[in-house]
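Structure file work-v4.cif; described as mmCIF, C-alpha atoms.
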data_model
loop_
_atom_site.label_atom_id
_atom_site.label_comp_id
_atom_site.auth_asym_id
_atom_site.auth_seq_id
_atom_site.Cartn_x
_atom_site.Cartn_y
_atom_site.Cartn_z
CA MET A 1 42.91 -98.17 53.11
CA ALA A 2 39.68 -99.79 54.24
CA ASN A 3 38.20 -96.34 54.85
CA ARG A 4 38.76 -95.32 51.21
CA THR A 5 35.38 -96.62 50.07
CA ALA A 6 34.79 -96.23 46.35
CA VAL A 7 31.99 -93.74 45.59
CA THR A 8 29.98 -94.32 42.40
CA GLU A 9 27.39 -91.57 42.95
CA TYR A 10 27.25 -88.20 44.67
CA VAL A 11 24.28 -86.47 46.27
CA LEU A 12 23.95 -82.73 45.54
CA LEU A 13 22.22 -81.00 48.44
CA GLY A 14 21.22 -77.81 46.61
CA LEU A 15 18.51 -76.11 48.69
CA ARG A 16 16.99 -79.23 50.20
CA GLU A 17 15.20 -77.26 52.94
CA HIS A 18 13.69 -74.74 50.50
CA HIS A 19 12.00 -76.82 47.81
CA ASN A 20 9.60 -74.00 46.85
CA LEU A 21 12.58 -71.72 46.23
CA GLU A 22 14.12 -74.37 43.98
CA THR A 23 11.00 -74.25 41.81
CA VAL A 24 11.45 -70.49 41.42
CA LEU A 25 15.14 -70.97 40.65
CA PHE A 26 14.24 -73.56 38.01
CA VAL A 27 12.13 -71.02 36.11
CA LEU A 28 14.69 -68.21 36.48
CA CYS A 29 17.70 -70.35 35.54
CA LEU A 30 15.90 -71.90 32.58
CA ALA A 31 15.02 -68.43 31.24
CA ILE A 32 18.53 -67.05 31.81
CA TYR A 33 20.18 -70.14 30.33
CA SER A 34 17.99 -69.82 27.23
CA VAL A 35 19.02 -66.17 26.83
CA ASN A 36 22.65 -67.19 27.28
CA VAL A 37 22.58 -69.91 24.60
CA LEU A 38 20.51 -67.91 22.10
CA GLY A 39 22.39 -64.63 22.63
CA ASN A 40 25.87 -66.11 22.42
CA SER A 41 24.90 -68.31 19.46
CA LEU A 42 23.63 -65.17 17.70
CA LEU A 43 26.96 -63.40 18.32
CA ILE A 44 28.89 -66.35 16.89
CA GLY A 45 26.57 -66.49 13.88
CA LEU A 46 26.84 -62.75 13.22
CA SER A 47 30.65 -62.82 13.42
CA MET A 48 30.68 -65.62 10.83
CA LEU A 49 28.10 -64.11 8.46
CA ASP A 50 28.89 -60.38 8.47
CA PRO A 51 32.16 -59.38 6.71
CA ARG A 52 32.31 -56.24 8.88
CA LEU A 53 32.83 -58.49 11.90
CA HIS A 54 35.73 -60.44 10.39
CA SER A 55 38.30 -58.85 12.68
CA PRO A 56 40.41 -60.03 15.64
CA MET A 57 38.10 -58.38 18.17
CA TYR A 58 35.09 -60.38 17.00
CA PHE A 59 37.18 -63.53 16.59
CA PHE A 60 37.97 -63.37 20.32
CA LEU A 61 34.38 -62.42 21.08
CA SER A 62 33.21 -65.56 19.27
CA ASN A 63 35.60 -67.60 21.41
CA LEU A 64 34.21 -65.93 24.53
CA SER A 65 30.64 -66.67 23.43
CA LEU A 66 31.47 -70.32 22.71
CA MET A 67 33.12 -70.60 26.11
CA ASP A 68 30.06 -69.11 27.84
CA ILE A 69 27.77 -71.62 26.11
CA CYS A 70 30.00 -74.56 26.99
CA GLY A 71 30.58 -73.35 30.54
CA THR A 72 26.93 -73.05 31.47
CA SER A 73 25.97 -76.19 29.54
CA SER A 74 28.44 -78.19 31.63
CA PHE A 75 26.25 -77.89 34.74
CA VAL A 76 22.97 -76.04 34.13
CA PRO A 77 20.94 -78.79 32.31
CA LEU A 78 21.55 -81.38 35.06
CA MET A 79 20.98 -78.75 37.73
CA LEU A 80 17.60 -77.87 36.19
CA VAL A 81 16.60 -81.54 36.27
CA ASN A 82 17.71 -81.83 39.90
CA PHE A 83 15.61 -78.78 40.86
CA LEU A 84 12.55 -80.92 40.10
CA GLU A 85 13.84 -84.11 41.75
CA ALA A 86 13.49 -85.09 45.39
CA ARG A 87 16.86 -86.89 45.34
CA LYS A 88 19.54 -84.97 43.47
CA THR A 89 22.36 -87.22 42.32
CA ILE A 90 25.23 -87.26 39.85
CA SER A 91 27.49 -90.16 38.88
CA PHE A 92 31.18 -90.13 39.73
CA PRO A 93 32.27 -89.75 36.05
CA GLY A 94 29.65 -87.00 35.60
CA CYS A 95 30.88 -85.16 38.69
CA ALA A 96 34.52 -85.44 37.60
CA LEU A 97 33.70 -84.13 34.10
CA GLN A 98 31.54 -81.31 35.48
CA MET A 99 34.25 -80.14 37.87
CA TYR A 100 36.89 -80.34 35.12
CA LEU A 101 34.86 -78.34 32.59
CA THR A 102 33.66 -75.60 34.96
CA LEU A 103 37.18 -74.99 36.25
CA ALA A 104 38.76 -75.13 32.77
CA LEU A 105 36.29 -72.74 31.17
CA GLY A 106 36.44 -70.30 34.07
CA SER A 107 40.23 -70.09 33.74
CA THR A 108 39.97 -69.75 29.97
CA GLU A 109 37.61 -66.78 30.29
CA CYS A 110 40.15 -64.80 32.31
CA LEU A 111 42.81 -65.40 29.67
CA LEU A 112 40.48 -64.57 26.77
CA LEU A 113 39.54 -61.25 28.40
CA ALA A 114 43.25 -60.43 28.66
CA MET A 115 43.78 -61.31 24.98
CA MET A 116 40.88 -59.03 24.05
CA ALA A 117 42.42 -56.20 26.09
CA TYR A 118 45.74 -56.66 24.28
CA ASP A 119 43.88 -56.55 20.96
CA ARG A 120 42.33 -53.20 21.92
CA TYR A 121 45.74 -51.91 23.06
CA VAL A 122 47.33 -52.70 19.69
CA ALA A 123 44.34 -51.30 17.75
CA ILE A 124 44.45 -47.94 19.56
CA CYS A 125 48.08 -47.48 20.53
CA GLN A 126 49.73 -49.00 17.44
CA PRO A 127 47.09 -48.71 14.69
CA LEU A 128 49.56 -48.71 11.78
CA ARG A 129 51.05 -52.03 12.90
CA TYR A 130 47.70 -53.56 13.89
CA PRO A 131 47.25 -55.78 10.77
CA GLU A 132 50.82 -57.02 11.13
CA ILE A 133 50.73 -57.72 14.89
CA MET A 134 47.20 -59.11 15.08
CA SER A 135 47.37 -61.34 12.02
CA GLY A 136 44.99 -64.28 11.65
CA GLN A 137 47.73 -66.74 12.62
CA THR A 138 48.59 -64.74 15.74
CA CYS A 139 44.92 -64.58 16.80
CA VAL A 140 44.53 -68.35 16.43
CA ARG A 141 47.69 -68.94 18.49
CA MET A 142 46.46 -66.60 21.23
CA ALA A 143 43.11 -68.36 21.35
CA VAL A 144 44.73 -71.82 21.44
CA LEU A 145 47.04 -70.64 24.24
CA SER A 146 44.06 -69.42 26.27
CA TRP A 147 42.03 -72.60 25.85
CA GLY A 148 45.04 -74.90 26.26
CA THR A 149 46.27 -73.20 29.44
CA GLY A 150 42.81 -73.24 31.04
CA PHE A 151 42.23 -76.92 30.27
CA ALA A 152 45.77 -77.94 31.31
CA ASN A 153 45.36 -76.19 34.66
CA SER A 154 41.99 -77.86 35.21
CA LEU A 155 43.48 -81.27 34.40
CA LEU A 156 46.21 -80.75 37.01
CA GLN A 157 43.73 -79.56 39.67
CA SER A 158 41.37 -82.45 38.90
CA LEU A 159 44.11 -85.08 39.15
CA LEU A 160 45.25 -83.68 42.50
CA THR A 161 41.66 -83.61 43.78
CA TRP A 162 40.61 -87.11 42.76
CA ASN A 163 43.81 -88.62 44.18
CA LEU A 164 42.70 -87.57 47.66
CA PRO A 165 41.05 -90.06 50.05
CA PHE A 166 37.33 -89.37 50.50
CA CYS A 167 36.47 -92.15 52.97
CA GLY A 168 33.12 -92.81 51.33
CA HIS A 169 31.84 -89.24 51.74
CA SER A 170 29.36 -88.59 48.93
CA ILE A 171 27.22 -85.58 49.90
CA ILE A 172 28.21 -82.34 48.11
CA ASN A 173 26.79 -79.19 49.66
CA HIS A 174 26.24 -77.36 46.37
CA PHE A 175 24.14 -77.32 43.19
CA PHE A 176 26.91 -78.90 41.13
CA CYS A 177 30.41 -80.41 41.47
CA GLU A 178 32.41 -77.27 42.19
CA ILE A 179 36.03 -77.97 43.15
CA LEU A 180 35.95 -76.27 46.57
CA ALA A 181 32.77 -78.16 47.50
CA VAL A 182 34.38 -81.45 46.41
CA LEU A 183 37.56 -80.76 48.40
CA LYS A 184 35.47 -80.41 51.56
CA LEU A 185 34.65 -84.13 51.26
CA ALA A 186 38.30 -85.18 51.47
CA CYS A 187 39.46 -86.88 54.65
CA GLY A 188 43.17 -86.36 53.92
CA ASP A 189 45.61 -83.47 53.80
CA ILE A 190 44.54 -80.90 51.17
CA SER A 191 47.37 -78.40 51.76
CA LEU A 192 48.93 -79.19 48.37
CA ASN A 193 45.57 -78.69 46.67
CA ALA A 194 45.09 -75.36 48.43
CA LEU A 195 48.59 -74.24 47.40
CA MET A 196 48.10 -75.21 43.76
CA LEU A 197 44.70 -73.49 43.64
CA MET A 198 46.26 -70.33 45.07
CA VAL A 199 49.07 -70.41 42.49
CA ALA A 200 46.55 -70.99 39.68
CA THR A 201 44.42 -68.09 40.94
CA VAL A 202 47.40 -65.73 40.90
CA VAL A 203 48.64 -66.87 37.47
CA LEU A 204 45.31 -67.32 35.66
CA THR A 205 43.09 -64.73 37.35
CA LEU A 206 45.17 -61.91 38.85
CA ALA A 207 47.90 -61.83 36.18
CA PRO A 208 45.34 -61.42 33.33
CA LEU A 209 43.65 -58.67 35.38
CA LEU A 210 47.01 -56.89 35.72
CA LEU A 211 47.55 -57.17 31.96
CA ILE A 212 44.06 -55.76 31.34
CA CYS A 213 44.69 -52.83 33.66
CA LEU A 214 48.08 -52.06 32.06
CA SER A 215 46.54 -52.23 28.58
CA TYR A 216 43.85 -49.73 29.49
CA ILE A 217 46.32 -47.39 31.18
CA PHE A 218 48.20 -47.14 27.87
CA ILE A 219 44.92 -46.92 25.94
CA LEU A 220 43.67 -44.08 28.16
CA ALA A 221 46.94 -42.20 27.77
CA THR A 222 46.70 -42.55 24.00
CA ILE A 223 43.05 -41.49 23.86
CA LEU A 224 43.73 -38.36 25.95
CA ARG A 225 46.32 -37.27 23.36
CA VAL A 226 43.73 -37.37 20.56
CA PRO A 227 43.01 -33.68 19.74
CA SER A 228 39.32 -33.94 18.76
CA ALA A 229 36.47 -34.95 21.05
CA ALA A 230 34.92 -37.01 18.24
CA GLY A 231 38.17 -38.95 17.83
CA ARG A 232 38.40 -39.63 21.56
CA HIS A 233 34.79 -40.81 21.65
CA LYS A 234 35.29 -43.10 18.67
CA ALA A 235 38.43 -44.66 20.19
CA PHE A 236 36.81 -45.18 23.59
CA SER A 237 33.62 -46.62 22.09
CA THR A 238 35.58 -49.57 20.67
CA CYS A 239 36.62 -50.50 24.24
CA SER A 240 33.48 -49.73 26.24
CA ALA A 241 31.80 -53.12 25.78
CA HIS A 242 34.96 -55.00 26.76
CA ILE A 243 35.49 -52.79 29.82
CA THR A 244 31.90 -53.45 30.91
CA VAL A 245 32.34 -57.23 30.55
CA VAL A 246 35.61 -57.13 32.54
CA VAL A 247 34.02 -55.07 35.33
CA VAL A 248 31.03 -57.43 35.55
CA PHE A 249 33.23 -60.56 35.49
CA TYR A 250 35.85 -59.49 38.03
CA GLY A 251 33.31 -57.53 40.07
CA THR A 252 31.17 -60.60 40.68
CA ILE A 253 34.25 -62.70 41.48
CA SER A 254 35.44 -60.10 44.00
CA PHE A 255 32.01 -59.85 45.60
CA MET A 256 31.70 -63.63 45.83
CA TYR A 257 35.08 -64.31 47.42
CA PHE A 258 35.73 -61.16 49.46
CA LYS A 259 32.30 -60.52 50.96
CA PRO A 260 31.72 -61.51 54.63
CA LYS A 261 30.60 -65.11 54.98
CA ALA A 262 26.81 -65.32 55.11
CA LYS A 263 25.14 -66.73 58.22
CA ASP A 264 22.95 -68.87 55.98
CA PRO A 265 25.17 -71.15 53.80
CA ASP A 266 22.35 -71.41 51.27
CA LEU A 267 22.80 -67.71 50.46
CA ASP A 268 26.42 -68.30 49.41
CA LYS A 269 25.28 -71.13 47.15
CA ILE A 270 22.65 -68.93 45.50
CA ILE A 271 25.22 -66.16 44.90
CA ALA A 272 27.62 -68.67 43.33
CA LEU A 273 24.77 -70.02 41.22
CA PHE A 274 23.84 -66.62 39.83
CA TYR A 275 27.51 -65.85 39.14
CA GLY A 276 27.76 -69.02 37.05
CA VAL A 277 24.43 -68.57 35.24
CA VAL A 278 23.78 -64.82 34.97
CA THR A 279 27.23 -63.44 34.09
CA PRO A 280 27.66 -65.43 30.81
CA SER A 281 24.21 -64.31 29.64
CA LEU A 282 25.14 -60.63 30.06
CA ASN A 283 27.99 -60.69 27.51
CA PRO A 284 25.81 -60.79 24.36
CA ILE A 285 23.49 -58.17 25.86
CA ILE A 286 26.40 -55.84 26.63
CA TYR A 287 27.98 -56.24 23.19
CA SER A 288 24.61 -55.78 21.49
CA LEU A 289 23.77 -52.58 23.36
CA ARG A 290 27.21 -50.96 23.31
CA ASN A 291 28.52 -51.95 19.88
CA ALA A 292 27.20 -50.27 16.74
CA GLU A 293 28.68 -52.89 14.40
CA VAL A 294 26.94 -55.78 16.20
CA LYS A 295 23.64 -53.87 16.22
CA ALA A 296 23.98 -53.14 12.50
CA ALA A 297 24.75 -56.79 11.76
CA ALA A 298 21.73 -57.94 13.80
CA ILE A 299 19.44 -55.50 11.95
CA ALA A 300 20.84 -56.70 8.63
CA LEU A 301 20.22 -60.33 9.65
CA LEU A 302 16.63 -59.58 10.61
CA GLY A 303 16.09 -57.77 7.31
CA GLY A 304 17.51 -60.66 5.30
CA ASP A 305 20.33 -58.55 3.85
CA LEU A 306 23.08 -60.34 5.74
CA LEU A 307 22.35 -63.79 4.32
CA SER A 308 22.17 -62.44 0.77
CA ARG A 309 25.52 -60.65 1.22
CA LYS A 310 27.01 -63.83 2.65
CA MET A 311 25.99 -65.81 -0.41
CA SER A 312 27.64 -63.29 -2.74
CA HIS A 313 30.76 -62.72 -0.54
CA PRO A 314 31.94 -65.97 1.12
CA ARG A 315 34.01 -65.53 4.24
CA CYS A 316 37.73 -65.10 3.84
CA CYS A 317 40.20 -67.55 5.25
CA PRO A 318 41.44 -67.04 8.88
CA SER A 319 44.68 -65.46 7.68
CA THR A 320 42.74 -62.35 6.65
CA LEU A 321 41.42 -61.61 10.15
#
Could you render the structure from this file as structure tokens?
Amino acid sequence: MANRTAVTEYVLLGLREHHNLETVLFVLCLAIYSVNVLGNSLLIGLSMLDPRLHSPMYFFLSNLSLMDICGTSSFVPLMLVNFLEARKTISFPGCALQMYLTLALGSTECLLLAMMAYDRYVAICQPLRYPEIMSGQTCVRMAVLSWGTGFANSLLQSLLTWNLPFCGHSIINHFFCEILAVLKLACGDISLNALMLMVATVVLTLAPLLLICLSYIFILATILRVPSAAGRHKAFSTCSAHITVVVVFYGTISFMYFKPKAKDPDLDKIIALFYGVVTPSLNPIIYSLRNAEVKAAAIALLGGDLLSRKMSHPRCCPSTL
């Protein structure tokens, strides 16, 4: 018990041997983070202001945008400050909160992407029952389930992690308090933690991916039965942005965890950093470029038409989603 020294502050190594590179990363991450916050805030604003975007698909997209803002904001601001500091530190409560939020929001994103795939499946494969199945109340329940499951899982993982003995170890070899980096500090048995993380990965990452794949198998089969080429194109265009986001999200995860281990550990940290910062900023870009309704709403907002329409047609209650 004497070895279980209480730690009040952690040191984040970052790229301590490449300070010039950290300056470059500061500029890049600040620019990307700004795009992320502004782009996702614009998507949320458009979905609230434009009546054409008052549908389940854009309700879930707004949730995804909010999650991307919260996820990056949980670690990027402090990381940017640390890029300019010689000694990079974070308090114990700050580290615990950062680890909890990053894990919770990452799990929530997987579930939200699966909910969005189910929404597209119902819209294309069962269009006549779409208003009944994807009612406003159902959409809210699905969103609450996604957020609640992600945060509950993170709470469990965090409690298991912080109950481990750390023997006074306080140097985290990362840019922020990521759970795997924190577990490396433990001086006790982490087999239970590893098991629970594996179970959570299967349930909250691979199971949603399986649901997404099954949804698109049925969607593809339905689209191929559409007699006209214009009809097939219209049906597929409603899914293209979501497919792109799923490919980017799961593609970066696969590359990060299944690639050969780099000889330089700093390279792995940089890859993880860009996964956490760059991927969320791509979602508003993808939906803006590949979605005609979002582009039309953005043009209307810039022209001032959207705000005038909003004043004359207040948004309906959630039950009309």
Within 12 Å of A:Gly94, counting only C-alpha atoms, which residues qualify if same-chain residues fewer than 5 places away don't, as a PyMOL selection string? chain A and resi 8-11+74-75+78+89+99-101+176-177
Expansion of the PyMOL selection byres ((chain A and resi 160) around 12) into residues, as an mmCIF file with C-alpha atoms, keeping the file's coordinate frame:
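result_37.cif was written with the following content:
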data_model
loop_
_atom_site.group_PDB
_atom_site.id
_atom_site.type_symbol
_atom_site.label_atom_id
_atom_site.label_comp_id
_atom_site.auth_asym_id
_atom_site.auth_seq_id
_atom_site.Cartn_x
_atom_site.Cartn_y
_atom_site.Cartn_z
ATOM 1 C CA ALA A 96 34.520 -85.440 37.600
ATOM 2 C CA TYR A 100 36.890 -80.340 35.120
ATOM 3 C CA ASN A 153 45.360 -76.190 34.660
ATOM 4 C CA SER A 154 41.990 -77.860 35.210
ATOM 5 C CA LEU A 155 43.480 -81.270 34.400
ATOM 6 C CA LEU A 156 46.210 -80.750 37.010
ATOM 7 C CA GLN A 157 43.730 -79.560 39.670
ATOM 8 C CA SER A 158 41.370 -82.450 38.900
ATOM 9 C CA LEU A 159 44.110 -85.080 39.150
ATOM 10 C CA THR A 161 41.660 -83.610 43.780
ATOM 11 C CA TRP A 162 40.610 -87.110 42.760
ATOM 12 C CA ASN A 163 43.810 -88.620 44.180
ATOM 13 C CA LEU A 164 42.700 -87.570 47.660
ATOM 14 C CA PRO A 165 41.050 -90.060 50.050
ATOM 15 C CA ILE A 179 36.030 -77.970 43.150
ATOM 16 C CA VAL A 182 34.380 -81.450 46.410
ATOM 17 C CA LEU A 183 37.560 -80.760 48.400
ATOM 18 C CA ALA A 186 38.300 -85.180 51.470
ATOM 19 C CA GLY A 188 43.170 -86.360 53.920
ATOM 20 C CA ASP A 189 45.610 -83.470 53.800
ATOM 21 C CA ILE A 190 44.540 -80.900 51.170
ATOM 22 C CA SER A 191 47.370 -78.400 51.760
ATOM 23 C CA LEU A 192 48.930 -79.190 48.370
ATOM 24 C CA ASN A 193 45.570 -78.690 46.670
ATOM 25 C CA ALA A 194 45.090 -75.360 48.430
ATOM 26 C CA LEU A 195 48.590 -74.240 47.400
ATOM 27 C CA MET A 196 48.100 -75.210 43.760
ATOM 28 C CA LEU A 197 44.700 -73.490 43.640
#
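Between A:Glu293 and the residues A:Pro51, A:Gly45, A:Pro56, A:Pro227, the shortest atom-to-atom distance, using only C-alpha atoms, involves A:Pro51.
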What's around A:Phe175 at 12 Å? Count only C-alpha atoms, leave out sequence neighbours fewer than 2 positions away in its own chain, and write the answer as an NGL selection string. :A and (10-16 or 22 or 25-26 or 75-83 or 88-90 or 95 or 98-99 or 171-173 or 177-179 or 181-182 or 266 or 268-274 or 276-277)
Give the answer as one residue: which of A:Cys125, A:Cys187, A:Leu61, A:Cys70 has the shortest atom-to-atom distance to A:Cys139, using all atoms listed in the file? A:Leu61
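Ranking A:Leu53, A:Cys29, A:Val37, A:Leu66 by their shortest atom-to-atom distance to A:Ile285, with all atoms listed in the file included, puts A:Val37 first.
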Apply the PyMOL selection byres ((chain A and resi 36) around 8) to the file shown and report the selected residues as a PyMOL selection string. chain A and resi 32-35+37-40+68-69+280-282+284
Name all residues at most 9 Å from stretch 205-216 of chain A (count only C-alpha atoms; drop same-chain ones fewer than 6 positions away) and give them as an mmCIF file with C-alpha atoms, in the frame of the given file.
data_model
loop_
_atom_site.group_PDB
_atom_site.id
_atom_site.type_symbol
_atom_site.label_atom_id
_atom_site.label_comp_id
_atom_site.auth_asym_id
_atom_site.auth_seq_id
_atom_site.Cartn_x
_atom_site.Cartn_y
_atom_site.Cartn_z
ATOM 1 C CA SER A 107 40.230 -70.090 33.740
ATOM 2 C CA CYS A 110 40.150 -64.800 32.310
ATOM 3 C CA LEU A 111 42.810 -65.400 29.670
ATOM 4 C CA LEU A 112 40.480 -64.570 26.770
ATOM 5 C CA LEU A 113 39.540 -61.250 28.400
ATOM 6 C CA ALA A 114 43.250 -60.430 28.660
ATOM 7 C CA MET A 115 43.780 -61.310 24.980
ATOM 8 C CA MET A 116 40.880 -59.030 24.050
ATOM 9 C CA ALA A 117 42.420 -56.200 26.090
ATOM 10 C CA TYR A 118 45.740 -56.660 24.280
ATOM 11 C CA ARG A 120 42.330 -53.200 21.920
ATOM 12 C CA TYR A 121 45.740 -51.910 23.060
ATOM 13 C CA VAL A 122 47.330 -52.700 19.690
ATOM 14 C CA CYS A 239 36.620 -50.500 24.240
ATOM 15 C CA ILE A 243 35.490 -52.790 29.820
ATOM 16 C CA VAL A 246 35.610 -57.130 32.540
ATOM 17 C CA TYR A 250 35.850 -59.490 38.030
#
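One finds atom CA of A:Val203 at 29.2 Å from atom CA of A:Pro127.
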Output of the PyMOL selection byres ((chain A and resi 59) around 10), listed as a PyMOL selection string: chain A and resi 44+47-48+53-58+60-65+116+136+139-140+143+318+321
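Take the candidates A:Val202, A:Leu49, A:Leu185, A:Val24 and check each one against A:Val7 using all atoms listed in the file; the shortest distance goes to A:Leu185.
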Report, in Å with one decimal, the straight-line distance from atom CA of A:Arg141 to atom CA of A:Val245. 22.8 Å
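Reported to one decimal place, the separation of atom CA of A:Leu204 from atom CA of A:Ser73 is 22.1 Å.
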To test the calculation: enclose all listed atoms of stretch 4-18 of chain A in a box whose edges run along x, y and z, add 6 Å on each side, then state centre and edge lengths in Å to one decimal, as AutoDock Vina command-line options.
--center_x 26.2 --center_y -85.7 --center_z 47.7 --size_x 37.1 --size_y 33.9 --size_z 22.5
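Using all atoms listed in the file for every distance, the candidate list A:Leu224, A:Val278, A:Val199, A:Leu301 yields A:Val278 as the residue closest to A:Leu28.
The closest residue to A:Phe236, picked from A:Asn20, A:Thr279, A:Ser41, A:Asn291 and counting all atoms listed in the file, is A:Asn291.
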